[in-house]
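Enquirer: Sharing model-v1.csv, CSV, C-alpha atoms and all ligand atoms:
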```csv
chain,number,residue,atom,x,y,z
V,1,MET,CA,-12.6,-10.5,33.4
V,2,ASP,CA,-12.5,-11.4,29.7
V,3,LYS,CA,-10.2,-9.3,27.6
V,4,VAL,CA,-10.3,-7.5,24.3
V,5,VAL,CA,-7.3,-6.4,22.3
V,6,LEU,CA,-8.0,-3.0,20.6
V,7,ALA,CA,-6.1,-1.6,17.6
V,8,PHE,CA,-5.4,1.8,19.2
V,9,SER,CA,-4.2,4.9,17.4
V,10,GLY,CA,-4.4,7.3,20.3
V,11,GLY,CA,-6.9,9.5,18.4
V,12,LEU,CA,-10.4,10.4,19.5
V,13,ASP,CA,-12.2,7.4,18.0
V,14,THR,CA,-10.1,4.7,19.5
V,15,SER,CA,-9.8,6.5,22.8
V,16,CYS,CA,-13.6,6.6,23.0
V,17,CYS,CA,-13.7,2.9,22.0
V,18,VAL,CA,-11.7,1.9,25.1
V,19,LYS,CA,-14.3,3.4,27.4
V,20,TRP,CA,-17.3,2.4,25.4
V,21,ILE,CA,-16.2,-1.3,25.2
V,22,ARG,CA,-15.6,-1.4,28.9
V,23,ASP,CA,-19.0,0.0,29.6
V,24,HIS,CA,-20.9,-2.1,27.0
V,25,TYR,CA,-19.1,-5.4,27.2
V,26,GLY,CA,-17.5,-5.3,30.6
V,27,LEU,CA,-14.1,-6.3,29.1
V,28,GLU,CA,-10.6,-5.4,30.1
V,29,VAL,CA,-9.2,-3.5,27.2
V,30,VAL,CA,-5.6,-4.2,26.1
V,31,CYS,CA,-4.4,-1.7,23.5
V,32,PHE,CA,-2.1,-2.3,20.5
V,33,SER,CA,-0.4,0.4,18.5
V,34,ALA,CA,1.8,-0.4,15.5
V,35,PHE,CA,4.3,2.0,13.9
V,36,ILE,CA,4.5,1.4,10.2
V,37,GLY,CA,5.1,5.0,9.0
V,38,GLU,CA,4.2,7.6,11.4
V,39,VAL,CA,6.2,7.5,14.6
V,40,SER,CA,4.1,8.7,17.5
V,41,ASP,CA,5.4,9.4,20.9
V,42,LYS,CA,5.2,6.2,22.9
V,43,GLY,CA,4.8,8.1,26.2
V,44,ILE,CA,1.8,10.0,24.9
V,45,LEU,CA,0.2,6.8,23.5
V,46,ARG,CA,0.6,5.2,26.9
V,47,LYS,CA,-0.8,8.1,28.7
V,48,ARG,CA,-3.8,8.3,26.3
V,49,ALA,CA,-4.6,4.6,26.6
V,50,ARG,CA,-4.4,4.8,30.4
V,51,ALA,CA,-6.6,8.0,30.5
V,52,ALA,CA,-9.2,6.3,28.4
V,53,GLY,CA,-9.3,3.3,30.7
V,54,SER,CA,-6.8,0.7,29.4
V,55,GLU,CA,-4.3,-0.9,31.8
V,56,LYS,CA,-2.0,-2.3,29.2
V,57,ILE,CA,-0.7,-1.3,25.8
V,58,TYR,CA,1.6,-3.0,23.3
V,59,ILE,CA,3.5,-0.5,21.1
V,60,GLU,CA,5.4,-2.2,18.3
V,61,ASP,CA,7.6,-0.9,15.6
V,62,LEU,CA,6.7,-3.0,12.7
V,63,LYS,CA,8.2,-1.1,9.8
V,64,GLU,CA,10.7,-3.7,8.9
V,65,GLU,CA,8.2,-6.5,8.9
V,66,PHE,CA,5.9,-4.4,6.9
V,67,ALA,CA,8.5,-3.6,4.3
V,68,ARG,CA,9.8,-7.2,4.0
V,69,ASP,CA,6.6,-9.2,4.2
V,70,PHE,CA,4.0,-6.9,2.8
V,71,VAL,CA,5.5,-4.1,0.7
V,72,LEU,CA,8.1,-6.3,-1.1
V,73,PRO,CA,5.6,-8.9,-2.3
V,74,ALA,CA,3.3,-6.1,-3.5
V,75,LEU,CA,6.3,-4.5,-5.3
V,76,TRP,CA,7.1,-7.8,-7.0
V,77,ALA,CA,3.5,-8.0,-8.1
V,78,HIS,CA,3.4,-4.4,-9.3
V,79,ALA,CA,0.2,-4.1,-7.3
V,80,ARG,CA,-1.8,-1.1,-8.1
V,81,TYR,CA,-5.6,-1.2,-7.4
V,82,GLU,CA,-7.5,-0.3,-10.5
V,83,GLY,CA,-4.2,0.3,-12.2
V,84,LYS,CA,-3.4,3.3,-10.1
V,85,TYR,CA,-3.3,3.1,-6.3
V,86,PRO,CA,-0.2,1.4,-5.0
V,87,MET,CA,-2.1,0.2,-1.9
V,88,ALA,CA,-0.3,1.5,1.2
V,89,THR,CA,-3.3,1.3,3.4
V,90,SER,CA,-4.5,-2.0,1.9
V,91,LEU,CA,-1.1,-3.5,2.8
V,92,GLY,CA,-1.0,-2.1,6.3
V,93,ARG,CA,-4.2,-3.6,7.5
V,94,PRO,CA,-3.4,-7.3,7.2
V,95,LEU,CA,-0.2,-6.6,9.2
V,96,ILE,CA,-2.3,-5.1,12.0
V,97,ALA,CA,-4.7,-8.0,11.8
V,98,LYS,CA,-1.9,-10.4,12.2
V,99,HIS,CA,-0.5,-8.7,15.3
V,100,LEU,CA,-4.0,-8.2,16.8
V,101,VAL,CA,-4.4,-12.0,16.6
V,102,LYS,CA,-0.9,-12.7,18.0
V,103,ILE,CA,-1.5,-10.4,21.0
V,104,ALA,CA,-5.0,-11.7,21.6
V,105,GLN,CA,-3.6,-15.3,21.7
V,106,LYS,CA,-0.8,-14.3,24.0
V,107,GLU,CA,-3.2,-12.4,26.3
V,108,LYS,CA,-5.8,-15.2,26.1
V,109,ALA,CA,-8.3,-12.6,25.0
V,110,ALA,CA,-11.6,-13.8,23.5
V,111,TYR,CA,-12.1,-10.5,21.5
V,112,VAL,CA,-10.4,-8.1,19.3
V,113,ALA,CA,-11.6,-4.6,18.4
V,114,HIS,CA,-10.9,-1.8,15.9
V,115,GLY,CA,-12.0,1.8,15.2
V,116,CYS,CA,-13.0,1.4,11.5
V,117,THR,CA,-16.3,2.7,10.2
V,118,GLY,CA,-18.9,0.6,8.4
V,119,LYS,CA,-18.4,2.3,5.1
V,120,GLY,CA,-14.7,1.6,4.4
V,121,ASN,CA,-12.4,-1.1,3.2
V,122,ASP,CA,-10.3,-1.2,6.4
V,123,GLN,CA,-13.0,-2.9,8.4
V,124,VAL,CA,-13.1,-5.6,5.8
V,125,ARG,CA,-9.4,-6.1,5.7
V,126,LEU,CA,-9.1,-6.2,9.5
V,127,GLU,CA,-12.1,-8.5,10.1
V,128,VAL,CA,-11.4,-10.9,7.3
V,129,GLY,CA,-7.8,-11.0,8.3
V,130,VAL,CA,-8.6,-11.8,11.9
V,131,THR,CA,-11.2,-14.5,11.1
V,132,THR,CA,-8.9,-16.0,8.5
V,133,LEU,CA,-6.1,-16.4,11.1
V,134,ASP,CA,-8.2,-17.2,14.1
V,135,PRO,CA,-11.9,-17.9,13.7
V,136,SER,CA,-12.3,-18.3,17.5
V,137,LEU,CA,-11.8,-14.6,18.1
V,138,LYS,CA,-14.9,-12.4,18.3
V,139,ILE,CA,-14.7,-8.9,16.8
V,140,ILE,CA,-16.0,-5.7,18.3
V,141,ALA,CA,-16.3,-2.6,16.0
V,142,PRO,CA,-17.8,0.2,18.2
V,143,LEU,CA,-18.0,2.7,15.3
V,144,LYS,CA,-20.6,0.5,13.6
V,145,ASP,CA,-22.6,0.2,16.8
V,146,TRP,CA,-22.4,3.2,19.0
V,147,GLU,CA,-24.9,5.9,19.4
V,148,PHE,CA,-22.8,8.9,18.4
V,149,LYS,CA,-23.9,10.6,15.2
V,150,SER,CA,-21.2,13.2,14.9
V,151,ARG,CA,-17.7,14.1,16.0
V,152,GLU,CA,-19.2,16.7,18.4
V,153,GLU,CA,-21.2,14.0,20.2
V,154,GLU,CA,-18.1,11.9,20.5
V,155,ILE,CA,-16.2,14.8,21.9
V,156,GLU,CA,-19.0,15.4,24.4
V,157,TYR,CA,-18.7,11.8,25.5
V,158,ALA,CA,-15.0,12.0,25.8
V,159,LEU,CA,-15.1,15.2,27.9
V,160,ALA,CA,-17.8,13.7,30.1
V,161,ASN,CA,-15.6,10.7,30.7
V,162,LYS,CA,-12.4,12.6,31.2
V,163,ILE,CA,-10.9,11.1,28.0
V,164,PRO,CA,-8.3,13.5,26.7
V,165,VAL,CA,-9.2,15.2,23.5
V,166,ALA,CA,-6.2,16.4,21.5
V,167,VAL,CA,-6.0,20.2,21.7
V,168,THR,CA,-4.5,20.5,18.2
V,169,LYS,CA,-7.0,21.4,15.6
V,170,LYS,CA,-8.1,18.2,13.8
V,171,SER,CA,-7.3,18.0,10.1
V,172,PRO,CA,-10.5,18.2,8.1
V,173,TYR,CA,-9.2,15.1,6.2
V,174,SER,CA,-9.0,11.5,7.2
V,175,ILE,CA,-5.4,10.6,6.7
V,176,ASP,CA,-3.8,7.2,6.8
V,177,LYS,CA,0.0,7.1,6.5
V,178,ASN,CA,2.7,4.5,6.3
V,179,ILE,CA,6.0,4.2,4.6
V,180,TRP,CA,4.4,3.0,1.3
V,181,GLY,CA,2.2,6.1,1.0
V,182,VAL,CA,-0.5,8.3,2.4
V,183,ALA,CA,-4.2,8.1,1.8
V,184,ILE,CA,-6.2,11.3,2.2
V,185,GLU,CA,-10.0,11.4,2.2
V,186,ALA,CA,-13.1,13.4,3.3
V,187,GLY,CA,-13.6,17.1,3.8
V,188,VAL,CA,-13.8,19.1,0.6
V,189,LEU,CA,-12.3,16.1,-1.3
V,190,GLU,CA,-15.8,14.5,-1.2
V,191,ASP,CA,-16.7,16.7,-4.1
V,192,PRO,CA,-14.8,15.0,-7.0
V,193,TRP,CA,-14.7,18.2,-9.0
V,194,THR,CA,-13.0,20.2,-6.2
V,195,GLU,CA,-9.3,20.3,-6.6
V,196,ALA,CA,-7.4,19.0,-3.6
V,197,PRO,CA,-6.1,22.0,-1.7
V,198,ALA,CA,-2.4,22.3,-1.0
V,199,ASP,CA,-2.9,21.7,2.7
V,200,ALA,CA,-4.4,18.3,2.0
V,201,TYR,CA,-1.0,16.9,1.2
V,202,VAL,CA,1.3,15.7,3.9
V,203,LEU,CA,4.3,14.1,2.2
V,204,THR,CA,4.9,15.8,-1.1
V,205,ARG,CA,5.6,19.2,-2.4
V,206,GLY,CA,3.3,20.5,-5.2
V,207,SER,CA,5.0,20.2,-8.6
V,208,GLU,CA,4.4,23.9,-9.2
V,209,LYS,CA,6.8,24.6,-6.3
V,210,ALA,CA,9.4,22.1,-7.4
V,211,LYS,CA,12.4,23.4,-9.3
V,212,GLY,CA,14.9,22.1,-11.7
V,213,SER,CA,15.6,18.4,-12.1
V,214,ARG,CA,18.0,15.8,-10.8
V,215,THR,CA,19.2,12.3,-11.6
V,216,LEU,CA,18.2,9.4,-9.5
V,217,THR,CA,19.4,5.8,-9.7
V,218,VAL,CA,17.9,2.8,-8.0
V,219,ASP,CA,19.8,-0.6,-7.7
V,220,PHE,CA,18.0,-3.9,-7.2
V,221,GLU,CA,19.5,-7.2,-6.1
V,222,LYS,CA,17.4,-10.3,-6.6
V,223,GLY,CA,14.3,-8.1,-6.7
V,224,VAL,CA,15.1,-6.1,-3.6
V,225,PRO,CA,15.9,-2.4,-3.9
V,226,VAL,CA,19.3,-2.0,-2.2
V,227,LYS,CA,20.8,1.3,-3.3
V,228,LEU,CA,19.7,4.8,-3.9
V,229,ASN,CA,22.1,7.0,-5.9
V,230,GLY,CA,24.7,4.4,-5.4
V,231,LYS,CA,24.4,4.4,-1.6
V,232,ARG,CA,23.6,1.0,-0.1
V,233,MET,CA,20.6,1.1,2.3
V,234,ALA,CA,18.3,-1.2,4.1
V,235,LEU,CA,14.8,-1.4,2.7
V,236,VAL,CA,13.0,0.8,5.2
V,237,PRO,CA,15.4,3.7,5.2
V,238,LEU,CA,15.6,3.4,1.4
V,239,ILE,CA,11.9,3.8,1.1
V,240,GLU,CA,11.8,6.6,3.5
V,241,ALA,CA,14.7,8.5,1.8
V,242,LEU,CA,13.0,8.0,-1.6
V,243,ASN,CA,9.8,9.4,-0.3
V,244,VAL,CA,11.6,12.6,0.7
V,245,LEU,CA,13.7,12.8,-2.5
V,246,ALA,CA,11.0,12.1,-5.0
V,247,GLY,CA,8.4,13.8,-2.8
V,248,LYS,CA,10.2,17.1,-3.2
V,249,PHE,CA,9.4,17.0,-6.9
V,250,GLY,CA,5.8,16.2,-6.3
V,251,VAL,CA,6.2,12.7,-7.7
V,252,GLY,CA,3.6,10.1,-6.7
V,253,ARG,CA,0.6,12.3,-6.2
V,254,LEU,CA,-2.6,10.7,-7.4
V,255,ASP,CA,-6.2,11.8,-7.4
V,256,MET,CA,-8.7,9.2,-8.3
V,257,ILE,CA,-12.2,7.8,-8.1
V,258,GLU,CA,-12.0,4.4,-6.6
V,259,ASN,CA,-14.5,1.5,-6.2
V,260,ARG,CA,-14.6,0.4,-2.6
V,261,VAL,CA,-15.3,-3.2,-1.5
V,262,VAL,CA,-18.6,-2.2,0.0
V,263,GLY,CA,-19.9,-0.8,-3.3
V,264,ILE,CA,-19.3,2.9,-2.7
V,265,LYS,CA,-17.4,5.0,-5.2
V,266,SER,CA,-15.0,7.3,-3.3
V,267,ARG,CA,-12.7,10.1,-4.3
V,268,GLU,CA,-9.2,9.4,-3.0
V,269,VAL,CA,-6.0,11.5,-2.9
V,270,TYR,CA,-2.8,9.6,-2.5
V,271,GLU,CA,0.9,10.4,-2.1
V,272,ALA,CA,3.3,7.6,-2.8
V,273,PRO,CA,6.6,8.9,-4.2
V,274,ALA,CA,8.7,5.9,-3.2
V,275,ALA,CA,6.1,3.4,-4.4
V,276,GLU,CA,5.7,5.2,-7.7
V,277,VAL,CA,9.5,5.2,-8.4
V,278,LEU,CA,10.2,1.6,-7.1
V,279,ILE,CA,7.3,0.0,-9.0
V,280,ARG,CA,8.3,1.8,-12.2
V,281,ALA,CA,12.0,0.8,-11.6
V,282,HIS,CA,11.1,-2.8,-11.0
V,283,GLU,CA,8.9,-3.0,-14.1
V,284,GLU,CA,11.8,-1.5,-16.2
V,285,LEU,CA,14.2,-4.1,-15.0
V,286,GLU,CA,11.8,-6.9,-15.6
V,287,ASP,CA,11.2,-5.6,-19.1
V,288,LEU,CA,14.9,-5.9,-19.7
V,289,ILE,CA,15.3,-9.4,-18.1
V,290,LEU,CA,12.2,-11.4,-18.5
V,291,ASP,CA,10.7,-12.9,-21.7
V,292,ARG,CA,7.6,-11.6,-23.5
V,293,GLU,CA,5.2,-14.4,-22.5
V,294,LEU,CA,6.1,-14.1,-18.8
V,295,LEU,CA,5.8,-10.4,-18.8
V,296,HIS,CA,2.4,-10.4,-20.5
V,297,TYR,CA,1.1,-13.2,-18.2
V,298,LYS,CA,2.3,-11.2,-15.2
V,299,ARG,CA,0.1,-8.2,-16.1
V,300,ALA,CA,-3.1,-10.2,-15.7
V,301,LEU,CA,-2.0,-11.7,-12.4
V,302,SER,CA,-0.9,-8.3,-11.2
V,303,ASP,CA,-4.4,-7.0,-11.5
V,304,LYS,CA,-5.8,-10.0,-9.8
V,305,TYR,CA,-3.3,-9.6,-7.0
V,306,ALA,CA,-4.2,-6.0,-6.4
V,307,ASP,CA,-7.9,-6.9,-6.2
V,308,LEU,CA,-7.3,-9.6,-3.7
V,309,VAL,CA,-5.2,-7.4,-1.5
V,310,TYR,CA,-7.6,-4.5,-1.8
V,311,TYR,CA,-10.5,-6.8,-0.9
V,312,GLY,CA,-8.8,-7.9,2.3
V,313,LEU,CA,-7.9,-11.4,1.1
V,314,TRP,CA,-4.2,-11.2,2.2
V,315,PHE,CA,-4.1,-14.5,4.1
V,316,THR,CA,-5.7,-16.6,1.5
V,317,PRO,CA,-4.3,-19.6,-0.5
V,318,LEU,CA,-4.7,-17.7,-3.9
V,319,LYS,CA,-2.9,-14.7,-2.6
V,320,GLU,CA,-0.1,-16.9,-1.3
V,321,SER,CA,0.1,-18.8,-4.5
V,322,LEU,CA,0.4,-15.6,-6.5
V,323,ASP,CA,3.2,-14.5,-4.1
V,324,ALA,CA,5.0,-17.7,-4.9
V,325,PHE,CA,4.6,-17.0,-8.7
V,326,PHE,CA,5.9,-13.5,-8.5
V,327,ALA,CA,8.8,-14.5,-6.2
V,328,GLN,CA,9.8,-17.3,-8.5
V,329,HIS,CA,11.8,-15.1,-11.0
V,330,GLN,CA,13.0,-12.5,-8.6
V,331,GLY,CA,16.5,-14.1,-8.4
V,332,LEU,CA,17.1,-12.7,-11.8
V,333,ILE,CA,16.0,-9.1,-11.1
V,334,THR,CA,19.3,-7.4,-10.4
V,335,GLY,CA,20.4,-4.2,-12.0
V,336,THR,CA,20.1,-0.4,-12.1
V,337,VAL,CA,17.4,2.0,-13.3
V,338,ARG,CA,18.1,5.7,-13.8
V,339,PHE,CA,15.4,8.4,-13.6
V,340,ARG,CA,15.3,12.1,-14.1
V,341,LEU,CA,13.2,13.7,-11.4
V,342,GLU,CA,11.3,16.6,-12.8
V,343,PRO,CA,8.5,18.7,-11.3
V,344,GLY,CA,5.6,16.3,-11.0
V,345,ARG,CA,7.2,13.2,-12.5
V,346,ALA,CA,10.0,10.7,-12.5
V,347,VAL,CA,11.1,9.9,-16.1
V,348,VAL,CA,13.0,6.7,-16.8
V,349,THR,CA,16.2,7.5,-18.7
V,350,GLY,CA,18.1,4.2,-18.6
V,351,ARG,CA,18.3,0.7,-17.3
V,352,LYS,CA,21.0,-2.0,-17.2
V,353,SER,CA,21.3,-5.6,-15.8
V,354,PRO,CA,23.8,-8.4,-15.9
V,355,ASN,CA,20.8,-10.6,-16.6
V,356,SER,CA,19.5,-8.6,-19.4
V,357,ILE,CA,18.3,-10.5,-22.5
V,358,TYR,CA,18.1,-7.4,-24.6
V,359,SER,CA,20.4,-7.9,-27.6
V,360,GLU,CA,21.8,-4.8,-29.3
V,361,GLU,CA,23.0,-7.0,-32.2
V,362,LEU,CA,19.4,-8.1,-32.8
V,363,ALA,CA,17.8,-4.7,-32.3
V,364,THR,CA,20.3,-2.6,-34.2
V,365,TYR,CA,19.7,-1.0,-37.6
V,366,SER,CA,23.4,-0.6,-38.1
V,367,ALA,CA,26.0,-2.8,-39.8
V,368,LYS,CA,26.4,-4.8,-36.6
V,369,ASP,CA,22.9,-6.3,-37.3
V,370,ALA,CA,22.8,-10.1,-36.5
V,371,PHE,CA,19.1,-10.6,-37.1
V,372,ASP,CA,18.2,-13.0,-39.9
V,373,HIS,CA,15.9,-10.9,-42.0
V,374,LYS,CA,15.0,-13.7,-44.4
V,375,ALA,CA,13.7,-15.8,-41.5
V,376,ALA,CA,11.0,-13.2,-41.1
V,377,ASN,CA,9.4,-14.2,-44.4
V,378,GLY,CA,8.7,-17.8,-43.4
V,379,PHE,CA,7.5,-16.7,-40.0
V,380,ILE,CA,5.0,-14.2,-41.4
V,381,LYS,CA,3.7,-16.7,-44.0
V,382,LEU,CA,2.8,-19.2,-41.3
V,383,TRP,CA,1.7,-16.7,-38.7
V,384,GLY,CA,-0.8,-15.1,-41.1
V,385,LEU,CA,-1.9,-18.4,-42.7
V,386,PRO,CA,-5.1,-19.0,-40.7
V,387,TYR,CA,-6.3,-15.5,-41.8
V,388,VAL,CA,-5.5,-15.3,-45.5
V,389,GLY,CA,-8.4,-13.6,-47.2
V,390,ARG,CA,-10.5,-13.4,-44.1
V,391,GLY,CA,-10.3,-9.7,-43.6
V,392,LYS,CA,-13.3,-7.3,-43.7
V,393,GLY,CA,-15.6,-7.7,-46.6
V,394,LYS,CA,-14.7,-11.3,-47.3
V,395,SER,CA,-15.8,-14.5,-45.5
L,1,LIG,N1,-9.1,3.9,0.0
L,1,LIG,C1,-7.9,3.5,0.5
L,1,LIG,C2,-7.9,2.0,0.8
L,1,LIG,O1,-9.0,1.5,0.9
L,1,LIG,C3,-7.4,4.3,1.7
L,1,LIG,C4,-8.2,4.1,2.9
L,1,LIG,C5,-7.7,5.1,3.9
L,1,LIG,N2,-8.2,4.8,5.2
L,1,LIG,C6,-8.3,5.8,6.1
L,1,LIG,N3,-8.6,5.4,7.3
L,1,LIG,N4,-8.2,7.0,5.9
L,1,LIG,O2,-6.9,1.3,0.8
```
Before anything else, please render the file you have as structure tokens.

Expert:
Amino acid sequence: MDKVVLAFSGGLDTSCCVKWIRDHYGLEVVCFSAFIGEVSDKGILRKRARAAGSEKIYIEDLKEEFARDFVLPALWAHARYEGKYPMATSLGRPLIAKHLVKIAQKEKAAYVAHGCTGKGNDQVRLEVGVTTLDPSLKIIAPLKDWEFKSREEEIEYALANKIPVAVTKKSPYSIDKNIWGVAIEAGVLEDPWTEAPADAYVLTRGSEKAKGSRTLTVDFEKGVPVKLNGKRMALVPLIEALNVLAGKFGVGRLDMIENRVVGIKSREVYEAPAAEVLIRAHEELEDLILDRELLHYKRALSDKYADLVYYGLWFTPLKESLDAFFAQHQGLITGTVRFRLEPGRAVVTGRKSPNSIYSEELATYSAKDAFDHKAANGFIKLWGLPYVGRGKGKS
């Protein structure tokens, strides 16, 4: 029997996918679950996969790989889609695509499958990721093909086929979570005018409930965040601890209208406290360390990078070339950034680095001033030369 490797979450959709693929394609279904943020119970996942009709399941903790190979390059690129969204979900999908391919090759499966819908970005990221890495694999996406028109019909199918349906009340939202952030969609959020209710958030506390303020420091070594409040930590625990710390102040909440790859505008609610703080901190250090031309050039590339990642083009030569560009100067990015956490925001209050090119002697307005004021005259004369007399009203 030919095999398919299915990206399996243990939820209703992917459980129904197992049975539906077996019936429609006559394939043996191997499941694959990745932990990149939410730690589910391995035993329960195994049981659910088996009950749905899958004989084999791979469960892999990929948080470290995710942090090192996906989050870190995006942090170096200051990747925020449309200038806002720090891209947790967009970064998670290529990792899943990579492992789907790896397992399919190991299992000698001709197919891979996923439970994404036809309206979202995730199908694009998974499918483009898979075909970029291994064009010989065929892709099955039951949610785009099957007959169920509603969740109720899916539940009926599950019950009729003895597929376990979780007893807990399903959240009215579609939530995707990993260590870099949480994406919340659907339900009442589909009306862009409706304020996100408190129960839509899963990671952060509302700023109205946060009290007081506290100081937070983040240390970087060669571009990598290594300490939180002076305490050395590996990247994954550091991100997780920062999510809790900054999340208590409601830092990193975001409510935006976003342009999807497939042309739809969607209203998205995000929580990404660690991403918000770390991207800001990294930007602050670079502002201190890198020269103006490099900093300004980076901004344009940063937008391009975010677009590529959002559009599912992770494993492409341009994305890899941009990674090399952003990595090139990270050896210099060592130092400390200090914040004050306040309800709803993280305010930068200081930054320092052994590689800083900030010069107090040049910047000062005091007697210590070392700047050559007269040199400014010659500079301005030549700088403005091409435009002399060419202002409004003259030609
Ligand atoms: N709009 C975000 C993105 O495309 C989040 C997608 C969330 N996915 C989900 N299955 N809830 O990256």

Enquirer: Using only C-alpha atoms and all ligand atoms, which residues of chain V come within 10 Å of ligand LIG 1 (chain L), and what is the closest atom pair for each, with the distance in Å to one decimal? Give it as CSV, sorted by chain and residue number.

Expert:
```
residue,atom,partner,partner_atom,distance
V:Tyr81,CA,L:LIG1,O2,8.7
V:Tyr85,CA,L:LIG1,O2,8.2
V:Pro86,CA,L:LIG1,O2,8.9
V:Met87,CA,L:LIG1,O2,5.6
V:Ala88,CA,L:LIG1,O2,6.6
V:Thr89,CA,L:LIG1,O2,4.4
V:Ser90,CA,L:LIG1,O2,4.2
V:Leu91,CA,L:LIG1,O2,7.8
V:Gly92,CA,L:LIG1,O2,8.8
V:Arg93,CA,L:LIG1,O2,8.7
V:Gly115,CA,L:LIG1,N3,9.3
V:Cys116,CA,L:LIG1,N3,7.3
V:Thr117,CA,L:LIG1,N3,8.7
V:Gly120,CA,L:LIG1,O1,6.7
V:Asn121,CA,L:LIG1,O1,4.9
V:Asp122,CA,L:LIG1,O1,6.3
V:Gln123,CA,L:LIG1,N3,9.5
V:Val124,CA,L:LIG1,O1,9.6
V:Arg125,CA,L:LIG1,O1,9.0
V:Tyr173,CA,L:LIG1,N4,8.2
V:Ser174,CA,L:LIG1,N4,4.8
V:Ile175,CA,L:LIG1,N4,4.6
V:Asp176,CA,L:LIG1,N4,4.5
V:Lys177,CA,L:LIG1,N4,8.2
V:Gly181,CA,L:LIG1,C3,9.8
V:Val182,CA,L:LIG1,C3,8.0
V:Ala183,CA,L:LIG1,C3,5.0
V:Ile184,CA,L:LIG1,N4,6.0
V:Glu185,CA,L:LIG1,N4,6.0
V:Ala186,CA,L:LIG1,N4,8.5
V:Met256,CA,L:LIG1,N1,9.9
V:Ile257,CA,L:LIG1,N1,9.5
V:Glu258,CA,L:LIG1,N1,7.2
V:Asn259,CA,L:LIG1,N1,8.6
V:Arg260,CA,L:LIG1,O1,6.7
V:Val261,CA,L:LIG1,O1,8.2
V:Lys265,CA,L:LIG1,N1,9.9
V:Ser266,CA,L:LIG1,N1,7.6
V:Arg267,CA,L:LIG1,N1,8.4
V:Glu268,CA,L:LIG1,N1,6.3
V:Val269,CA,L:LIG1,C3,8.7
V:Tyr270,CA,L:LIG1,C3,8.2
V:Val309,CA,L:LIG1,O2,9.2
V:Tyr310,CA,L:LIG1,O2,6.4
V:Tyr311,CA,L:LIG1,O1,8.6
V:Gly312,CA,L:LIG1,O1,9.5
```

Enquirer: Please list as a ChimeraX atom specification every residue within 9 Å of stretch 228-230 of chain V, counting only C-alpha atoms and excluding residues in the same chain fewer than 3 positions away.

Expert: /V:215-219,225,233,238,241-242,338

Enquirer: Find the distance between atom CA of V:Val112 and atom CA of V:Tyr58 and write it in Å to one decimal.

Expert: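 These two atoms are separated by 13.6 Å.
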
Enquirer: Which residues are near stretch 271-273 of chain V? Cut-off 7 Å, all atoms listed in the file, ignore same chain within fewer than 5 positions. Put them as a PyMOL selection string.

Expert: chain V and resi 180-183+203-204+242-243+246-247+251-254

Enquirer: Could you turn the residues from that selection into a file that holds C-alpha atoms, as a compact mmCIF listing (two decimals), keeping the file's coordinate frame?

Expert:
```txt
# COMPACT_ATOMS: atom_id res chain seq x y z
CA TRP V 180 4.40 3.00 1.30
CA GLY V 181 2.20 6.10 1.00
CA VAL V 182 -0.50 8.30 2.40
CA ALA V 183 -4.20 8.10 1.80
CA LEU V 203 4.30 14.10 2.20
CA THR V 204 4.90 15.80 -1.10
CA LEU V 242 13.00 8.00 -1.60
CA ASN V 243 9.80 9.40 -0.30
CA ALA V 246 11.00 12.10 -5.00
CA GLY V 247 8.40 13.80 -2.80
CA VAL V 251 6.20 12.70 -7.70
CA GLY V 252 3.60 10.10 -6.70
CA ARG V 253 0.60 12.30 -6.20
CA LEU V 254 -2.60 10.70 -7.40
```

Enquirer: Just give me the gap between atom CA of V:Ala281 and atom CA of V:Lys304 in Å, one decimal is fine.

Expert: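 Atom CA of V:Ala281 sits 20.9 Å away from atom CA of V:Lys304.
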
Enquirer: Could you pull the residues within 9 Å of stretch 346-358 of chain V, counting all atoms listed in the file, minus those fewer than 5 positions along the same chain, as a list in words?

Expert: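 In the requested format, the answer is Leu216, Ala246, Phe249, Val251, Gly252, Glu276, Val277, Arg280, Ala281, Glu284, Leu285, Glu286, Asp287, Leu288, Ile289, Leu290, Asp291, Leu332, Ile333, Thr334, Gly335, Thr336, Val337, Arg338, Phe339, Arg340, Leu341 and Ala363 of chain V.
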
Enquirer: Go through V:Lys19, V:Lys392, V:Lys144, V:Lys102 one by one, measure the shortest atom-to-atom distance of each to V:Leu159 using all atoms listed in the file, and give the residue with the smallest value.

Expert: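 Of the candidates, the smallest distance to V:Leu159 is held by V:Lys19.
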
Enquirer: At a cut-off of 9 Å, using only C-alpha atoms, what residues contact V:Ala158? Leave out same-chain residues fewer than 5 positions from it and give the result as a VMD selection string.

Expert: chain V and resid 12 15 to 16 19 52 153 163 to 165

Enquirer: One decimal, Å: what's the distance from atom CA of V:Ile36 over to atom CA of V:Gly250, could you say?

Expert: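 Computing it gives 22.2 Å between the two atoms.
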
Enquirer: Which neighbours of V:Pro343 fall inside 8 Å, counting only C-alpha atoms, when residues of the same chain fewer than 3 positions from it are skipped, and could you give them as a list in words?

Expert: Ser207, Glu208, Lys209, Ala210, Lys211, Gly212, Ser213, Phe249, Gly250 and Val251 of chain V

Enquirer: What would the list of residues within 12 Å of (-4.7, 0.8, 30.1) (file frame) look like as a PyMOL selection string, if all atoms listed in the file are what count?

Expert: chain V and resi 3-6+8+10+15+18-19+22+27-32+45-58

Enquirer: Closest to V:Lys119 among V:Ile264, V:Met1, V:Val224, V:Ile239, using only C-alpha atoms?

Expert: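 Counting only C-alpha atoms, the residue closest to V:Lys119 is V:Ile264.
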